[in-house]
4 protein chains.
Amino acid sequence: MRARTYSPLPWTLNTSLFRPLHHRTLLSHSSRHLLRLQHPFYLKMSLHDYPNIQTPASCYVDFCLVPVGTGNVSVANEVAEVQRLLKASGLKHTMHSAGTTVEGPWDEVMKVIGQAHAVVHQEGAKRVQTSMRAGTRTDKKQTAEDKVKKVEGMLSKD
Amino acid sequence: MRARTYSPLPWTLNTSLFRPLHHRTLLSHSSRHLLRLQHPFYLKMSLHDYPNIQTPASCYVDFCLVPVGTGNVSVANEVAEVQRLLKASGLKHTMHSAGTTVEGPWDEVMKVIGQAHAVVHQEGAKRVQTSMRAGTRTDKKQTAEDKVKKVEGMLSKD
Amino acid sequence: MRARTYSPLPWTLNTSLFRPLHHRTLLSHSSRHLLRLQHPFYLKMSLHDYPNIQTPASCYVDFCLVPVGTGNVSVANEVAEVQRLLKASGLKHTMHSAGTTVEGPWDEVMKVIGQAHAVVHQEGAKRVQTSMRAGTRTDKKQTAEDKVKKVEGMLSKD
Amino acid sequence: MRARTYSPLPWTLNTSLFRPLHHRTLLSHSSRHLLRLQHPFYLKMSLHDYPNIQTPASCYVDFCLVPVGTGNVSVANEVAEVQRLLKASGLKHTMHSAGTTVEGPWDEVMKVIGQAHAVVHQEGAKRVQTSMRAGTRTDKKQTAEDKVKKVEGMLSKD
C-alpha cells in the first residue's frame, strides 16, 4: 500500500503527509478511483495536514507593481527602488518592458515582492497594486532565460 | 534630524531601518532632495537593511491557478482541492467566477498559494501557472466585500 | 487531402485558411509529423494568412482596472463608471471582490474594456493599468457561473 | 457651455459624445460637482452614448498565454507559433522571460491576441488561458523600451 504512482516532487514533502491513509492528494486520479472502490477506509486528507504542505523549492514570479493614489504618473522612481531591493535579495531577477521576473524558492521570492510593497508605501503610496504570474514545474529545472532561448531557437529555423 | 515626514505604516518596521543615515526610502521625495544638497553624509539605504524590511501585515490576493500538461480540460478537481486547503488555512477567502480572493498577512496568504501549487503538483500536474493580483493599502482597512458594497451602493443611486 | 483531423472550432474560420497547402496550424501534431515525412510540398502558413484568422466567438475576460497618477486612493468612482459602461454594452458581466468578469465574443469584450480605459481617462486619470485573465475553450460552452457551481457541488459532498 | 476642463485625449472622441447634456464623464470631478448644484438639467451620460466611445489609439499589452489540457508540459511550440502571428501583424512586440509585450492601437493589439488564442486552439489545445497587463496613458508617448531605459539610467547613477 505504500507504493505510490506519482512522481516525486523536487522539494521535500513534510513527512506527516506520508502516512498511508492520506491518499487523496498523493495518488493519481486513476489509482485513487481504484482505491475508492477497494478500500473502505479511504479518507480525505485531514485538515490538520494542510499546514504542513511545503511551498515549492523553486519558482519564477513575474510581477508588475503599480503605486495608486500618488498623483505621479511616472512610476520610474518606485521601480528603481524595487530593483535595488531585488539586487539586495540576491535572487536572480530580470527587468523587462512590462515587469520583472524573479526566480528562487517560493517563500523567498514572495517575501521580496511583499517587501517591494512596503518600500513603495514608504515612498508615499497609500495603495499598491501588483499583477503577478507565478510558475512552478516538477519535471525539470528551466530558467526564464532557457525558455526564451528555446523559442528563439525554433524561430531561427523558420 | 529624527523627525520624518512619511506617514507611519500600519505594520511595524524593523528598528534597524530607523538609524538616521538611511534616509533614502524613509523621506519623501522633496525632503530627500533637500537633504541631498545639505547633508554631506547622505547615504543610500544599505544593502544590509533590505532583508529586514517587513512584508505587509494585511493584503488581499486574488489568484487563478492553472494546471498545465495534465491532458484534462477541466480544472474543477484541482480548484476544489485548493478550496479545501484554503478552508484549512483559516484565512478569509471568496471563490468567484475567475479566481479566488484571499485576505490576511502577506506571508500567510502567499504561503497558502504556494501550498496550492504543491497540492496541484501532487494531483499530477507537472507544471502549474498562477495569475495573481495583490493589493495593500496603508490608509484604512477595507475588505474585498466592502469594496464591492461601496460600488453597488453608488450604482443603486443611478 | 481536404480531410482534416482537428476538431472544428466553435467559430467559423475564414475560408482563406482552408487552402490545402497551409497545414502547419490546421493539423494536429501527429498528423503534421506524418505529413512532414510524406509531403515534399509541406509549407508553413504564409504570412498573408495570419490577418484572416478570426478571434474567438466566445470568451470570458476577468479584468481589474487601476487609474494611476490621480492622487485618489479610492477607485470606487471609476469602478462605478465602468459598471455603467458594461451595463450599456449588453454583455454578461459580474463584479466581484477583485475585478469584473465579462463574457461574450472576443472582439466585443475587448472593445468594452478598451472603452473602460477611455472612460477612466476622461474621468481624469492620465494613466490606466489593467490586469486581465482571458479564457477560451472549444470543447463546450461553460459560463463563469457554471464553473463556480461545479466546484461548489464537489465541495458540498465533502 | 462648450468649454470643458478636461485635457483632450490623444485619440479622437466620437462627436456624439460632445452634446452639452452629457456632462457626467466629460467634466472633471470638481466641475461636475459645481454643475450638479447649478444645473437642474444635469443628466447622466445616456446608455446610447457608451457604444460610441472609442478605444485607446495606443496601448501596450503584455500577455502570457497558456494552453490547457494538451498533455504537453512544454508550451514552446505554441509560443513560437504566436511569435510568427505577431510578426505577421506588423505590430511592435518583444518576447521576454514571462510573456510578450505588444504595442499599438487597442483594437489591433487585442485582435492579434484573440488570434493567438485561435491559433493555439488550432494546434490542439481545447482550452487557452491568457494573463494580460494592459497600459494606456494620455500624457505622453512612451514605448516599453523607453520605460526600461529610464529605470536603468536611474540605477546606473547608484
# chains A, B, ... in the order shown; residues from 1 in each chain; ligands from 1
call {"tool": "residues_around", "arguments": {"residues": "Thr136 (chain C)", "least_positions_apart": "3", "cutoff": "12 Å", "atoms": "only C-alpha atoms", "output": "CSV table (one decimal) with C-alpha atoms, in the first residue's frame"}}
result
chain,number,residue,atom,x,y,z
B,73,VAL,CA,-9.5,20.3,-19.9
C,9,LEU,CA,-13.6,25.3,-33.8
C,10,PRO,CA,-16.8,26.7,-32.5
C,11,TRP,CA,-16.4,29.9,-34.5
C,55,THR,CA,-10.8,35.9,-33.0
C,56,PRO,CA,-12.8,33.6,-30.6
C,57,ALA,CA,-16.6,33.8,-30.9
C,58,SER,CA,-16.9,33.4,-27.2
C,59,CYS,CA,-14.6,34.1,-24.2
C,60,TYR,CA,-14.6,35.2,-20.7
C,61,VAL,CA,-12.3,38.1,-19.6
C,62,ASP,CA,-11.8,39.0,-15.9
C,103,GLU,CA,-18.5,37.2,-21.2
C,104,GLY,CA,-19.1,37.3,-25.0
C,105,PRO,CA,-17.4,37.4,-28.4
C,106,TRP,CA,-13.7,38.3,-28.0
C,133,ARG,CA,-7.4,36.9,-17.4
C,139,ASP,CA,-14.9,21.7,-26.1
C,140,LYS,CA,-18.1,23.1,-24.6
C,141,LYS,CA,-19.9,26.3,-23.6
C,142,GLN,CA,-19.5,27.0,-19.9
C,143,THR,CA,-20.4,30.2,-18.2
C,144,ALA,CA,-18.4,31.7,-15.3
D,65,LEU,CA,-0.8,32.5,-23.0
D,66,VAL,CA,-1.1,29.0,-21.5
D,67,PRO,CA,-2.7,26.1,-23.4
D,68,VAL,CA,-4.7,23.9,-21.0
D,113,ILE,CA,-4.1,38.3,-29.0
D,114,GLY,CA,-7.5,36.9,-29.8
D,115,GLN,CA,-6.0,35.4,-33.0
D,116,ALA,CA,-3.3,33.9,-30.8
D,117,HIS,CA,-6.0,32.0,-28.9
D,118,ALA,CA,-7.4,30.8,-32.2
D,119,VAL,CA,-4.0,29.6,-33.4
D,120,VAL,CA,-3.3,27.7,-30.2
D,121,HIS,CA,-6.8,26.1,-30.4
D,125,ALA,CA,-5.5,22.9,-27.1
D,126,LYS,CA,-9.1,22.7,-26.1
D,127,ARG,CA,-8.7,25.5,-23.6
D,128,VAL,CA,-6.5,28.5,-23.6
D,129,GLN,CA,-5.9,30.9,-20.7
D,130,THR,CA,-4.1,34.2,-21.0
call {"tool": "residues_around", "arguments": {"residues": "Lys149 (chain A)", "least_positions_apart": "2", "cutoff": "12 Å", "atoms": "only C-alpha atoms", "output": "ChimeraX atom specification"}}
result
/A:142-147,151-156 /D:76,79-80,95-97
call {"tool": "write_last_selection", "arguments": {"atoms": "C-alpha atoms", "output": "PDB file, in the first residue's frame"}}
result
ATOM      1  CA  GLN A 142      14.320  25.644 -16.565  1.00  0.00           C
ATOM      2  CA  THR A 143      15.312  29.254 -16.134  1.00  0.00           C
ATOM      3  CA  ALA A 144      13.376  32.123 -17.620  1.00  0.00           C
ATOM      4  CA  GLU A 145      16.361  32.609 -19.925  1.00  0.00           C
ATOM      5  CA  ASP A 146      16.212  28.999 -21.158  1.00  0.00           C
ATOM      6  CA  LYS A 147      12.566  29.436 -22.112  1.00  0.00           C
ATOM      7  CA  VAL A 151      11.603  29.627 -28.628  1.00  0.00           C
ATOM      8  CA  GLU A 152      14.184  31.828 -30.340  1.00  0.00           C
ATOM      9  CA  GLY A 153      15.947  28.667 -31.492  1.00  0.00           C
ATOM     10  CA  MET A 154      12.706  27.372 -33.011  1.00  0.00           C
ATOM     11  CA  LEU A 155      12.021  30.667 -34.760  1.00  0.00           C
ATOM     12  CA  SER A 156      15.558  30.919 -36.158  1.00  0.00           C
TER      13      SER A 156
ATOM     14  CA  ALA D  76       7.403  26.315 -26.673  1.00  0.00           C
ATOM     15  CA  VAL D  79       4.738  30.297 -28.102  1.00  0.00           C
ATOM     16  CA  ALA D  80       6.729  30.046 -31.358  1.00  0.00           C
ATOM     17  CA  MET D  95       9.244  38.463 -26.152  1.00  0.00           C
ATOM     18  CA  HIS D  96      10.699  38.201 -22.661  1.00  0.00           C
ATOM     19  CA  SER D  97      11.123  35.657 -19.890  1.00  0.00           C
TER      20      SER D  97
END
call {"tool": "closest_residue", "arguments": {"among": "A:Asp49, A:Gln54, A:Gly124, A:Thr70", "to": "chain C", "atoms": "only C-alpha atoms"}}
result
A:Thr70
call {"tool": "atom_distance", "arguments": {"atom1": "CA of Gly69 (chain C)", "atom2": "CA of Val75 (chain A)"}}
result
9.0 Å
call {"tool": "closest_residue", "arguments": {"among": "A:Ile53, A:Lys157, A:Gly99, A:Gly71", "to": "chain C", "atoms": "only C-alpha atoms"}}
result
A:Gly71
call {"tool": "atom_distance", "arguments": {"atom1": "CA of Ser131 (chain B)", "atom2": "CA of Ala134 (chain A)"}}
result
6.5 Å
call {"tool": "decode", "arguments": {"residues": "region 90-107 of chain A", "atoms": "C-alpha atoms", "output": "PDB file, in the first residue's frame"}}
result
ATOM      1  CA  GLY A  90      20.482  38.018  -4.057  1.00  0.00           C
ATOM      2  CA  LEU A  91      17.684  36.378  -6.076  1.00  0.00           C
ATOM      3  CA  LYS A  92      18.053  36.100  -9.849  1.00  0.00           C
ATOM      4  CA  HIS A  93      15.883  38.775 -11.472  1.00  0.00           C
ATOM      5  CA  THR A  94      15.382  40.333 -14.905  1.00  0.00           C
ATOM      6  CA  MET A  95      13.614  43.619 -15.547  1.00  0.00           C
ATOM      7  CA  HIS A  96      11.741  43.836 -18.847  1.00  0.00           C
ATOM      8  CA  SER A  97       9.294  46.067 -20.652  1.00  0.00           C
ATOM      9  CA  ALA A  98       6.276  45.151 -18.537  1.00  0.00           C
ATOM     10  CA  GLY A  99       7.556  43.888 -15.217  1.00  0.00           C
ATOM     11  CA  THR A 100      10.353  41.981 -13.541  1.00  0.00           C
ATOM     12  CA  THR A 101      10.878  38.218 -13.333  1.00  0.00           C
ATOM     13  CA  VAL A 102      12.327  36.846 -10.077  1.00  0.00           C
ATOM     14  CA  GLU A 103      13.496  33.253  -9.663  1.00  0.00           C
ATOM     15  CA  GLY A 104      14.136  31.250  -6.486  1.00  0.00           C
ATOM     16  CA  PRO A 105      12.396  29.407  -3.651  1.00  0.00           C
ATOM     17  CA  TRP A 106       8.684  30.353  -3.407  1.00  0.00           C
ATOM     18  CA  ASP A 107       8.921  31.830   0.097  1.00  0.00           C
TER      19      ASP A 107
END
